[in-house]
Amino acid sequence: MKNRILTGFAVVVMTAMLAGCGKVPQAQVDEANAAIAAAQTAQADVYVPADFAALQDSMRAVNAYIEGQKSKLFKKYGPAKENLTKVVALAKTVQESAVARKEEVKKEVETLIESLKGVIEENTKLFPRAPRGKEGAAVLEQMKTEMETVSAASAEAQNLYVEGKYMDALNKLKAAKETADKINNDLKEAIKKVGGRI
């Protein structure tokens, strides 16, 4: 009788222990999801996309592991808990990286706005000095059209900057600066060919 009671008690204790091990660590899952959401709010997907993708992959792997454990009789969530702690730490690092990168991009945009403004002004001064032969006039018209596009892109980039869309502004400015620089070089070459001084 005594053995039967002890055996029954042991079964109850073992069942309770297994049930304790078999619970999905929902609090940690929620914490990890909140940390990832905070990183996304900091625009990690825009400013550090590779890091953010790696973070999402880590969370997907943990979720896949948890789903795999759910179908098992004896569930083991210990590794998931450890990995969820790592995901939270990684999310915080990614968030900090995104904030730092955003600040870098903002400064880069400010520098490019000024630099592009200078090239646009210089090109405006160079246009009247460029040679206008038969072919020259058509080429100059093409360049003027391109410069109008550059000026429009510059204005658009400044609006994006004001809206806080620094990465979009940076991409637009880089393309505009490349075009403006090419026109600048072409104008200088054309002026030099006819013996003009820059």
# chains A, B, ... in the order shown; residues from 1 in each chain; ligands from 1

call {"tool": "closest_atom_pairs", "arguments": {"of": "segment 82-146 of chain A", "to": "segment 192-196 of chain A", "cutoff": "10 Å", "atoms": "only C-alpha atoms", "output": "tab-separated table"}}
result
residue	atom	partner	partner_atom	distance
A:Arg129	CA	A:Gly196	CA	8.0
A:Ala130	CA	A:Gly196	CA	8.7
A:Pro131	CA	A:Val194	CA	7.2

call {"tool": "residues_around", "arguments": {"residues": "Ser58 of chain A", "least_positions_apart": "4", "cutoff": "9 Å", "atoms": "only C-alpha atoms", "output": "PyMOL selection string"}}
result
chain A and resi 53-54+62-63+83-84+86-87

call {"tool": "write_last_selection", "arguments": {"atoms": "N, CA and C atoms", "output": "PDB file, in the first residue's frame"}}
result
ATOM      1  N   ALA A  53      17.511  41.719 -41.218  1.00  0.00           N
ATOM      2  CA  ALA A  53      17.136  40.436 -41.834  1.00  0.00           C
ATOM      3  C   ALA A  53      17.671  39.269 -41.005  1.00  0.00           C
ATOM      4  N   ALA A  54      18.909  39.405 -40.510  1.00  0.00           N
ATOM      5  CA  ALA A  54      19.512  38.362 -39.668  1.00  0.00           C
ATOM      6  C   ALA A  54      18.726  38.205 -38.369  1.00  0.00           C
ATOM      7  N   VAL A  62      13.763  30.338 -34.004  1.00  0.00           N
ATOM      8  CA  VAL A  62      13.233  30.039 -32.665  1.00  0.00           C
ATOM      9  C   VAL A  62      11.773  29.610 -32.772  1.00  0.00           C
ATOM     10  N   ASN A  63      10.989  30.331 -33.569  1.00  0.00           N
ATOM     11  CA  ASN A  63       9.572  29.978 -33.747  1.00  0.00           C
ATOM     12  C   ASN A  63       9.415  28.578 -34.343  1.00  0.00           C
ATOM     13  N   ASN A  83      17.747  31.028 -26.719  1.00  0.00           N
ATOM     14  CA  ASN A  83      17.810  31.725 -28.012  1.00  0.00           C
ATOM     15  C   ASN A  83      16.948  32.981 -28.024  1.00  0.00           C
ATOM     16  N   LEU A  84      15.844  32.951 -27.308  1.00  0.00           N
ATOM     17  CA  LEU A  84      14.991  34.142 -27.232  1.00  0.00           C
ATOM     18  C   LEU A  84      15.719  35.272 -26.500  1.00  0.00           C
ATOM     19  N   LYS A  86      18.910  35.681 -26.559  1.00  0.00           N
ATOM     20  CA  LYS A  86      19.881  36.166 -27.557  1.00  0.00           C
ATOM     21  C   LYS A  86      19.205  37.082 -28.587  1.00  0.00           C
ATOM     22  N   VAL A  87      17.983  36.715 -28.991  1.00  0.00           N
ATOM     23  CA  VAL A  87      17.239  37.523 -29.966  1.00  0.00           C
ATOM     24  C   VAL A  87      16.958  38.913 -29.404  1.00  0.00           C
TER      25      VAL A  87
END

call {"tool": "closest_residue", "arguments": {"among": "A:Tyr47, A:Ile113, A:Pro79, A:Met147", "to": "Asn159 of chain A", "atoms": "only C-alpha atoms"}}
result
A:Ile113

call {"tool": "closest_residue", "arguments": {"among": "A:Lys188, A:Lys177, A:Arg60, A:Lys107", "to": "Phe127 of chain A", "atoms": "only C-alpha atoms"}}
result
A:Lys188

call {"tool": "closest_residue", "arguments": {"among": "A:Ala64, A:Leu116, A:Ala138, A:Ala39", "to": "Ala89 of chain A", "atoms": "only C-alpha atoms"}}
result
A:Ala39
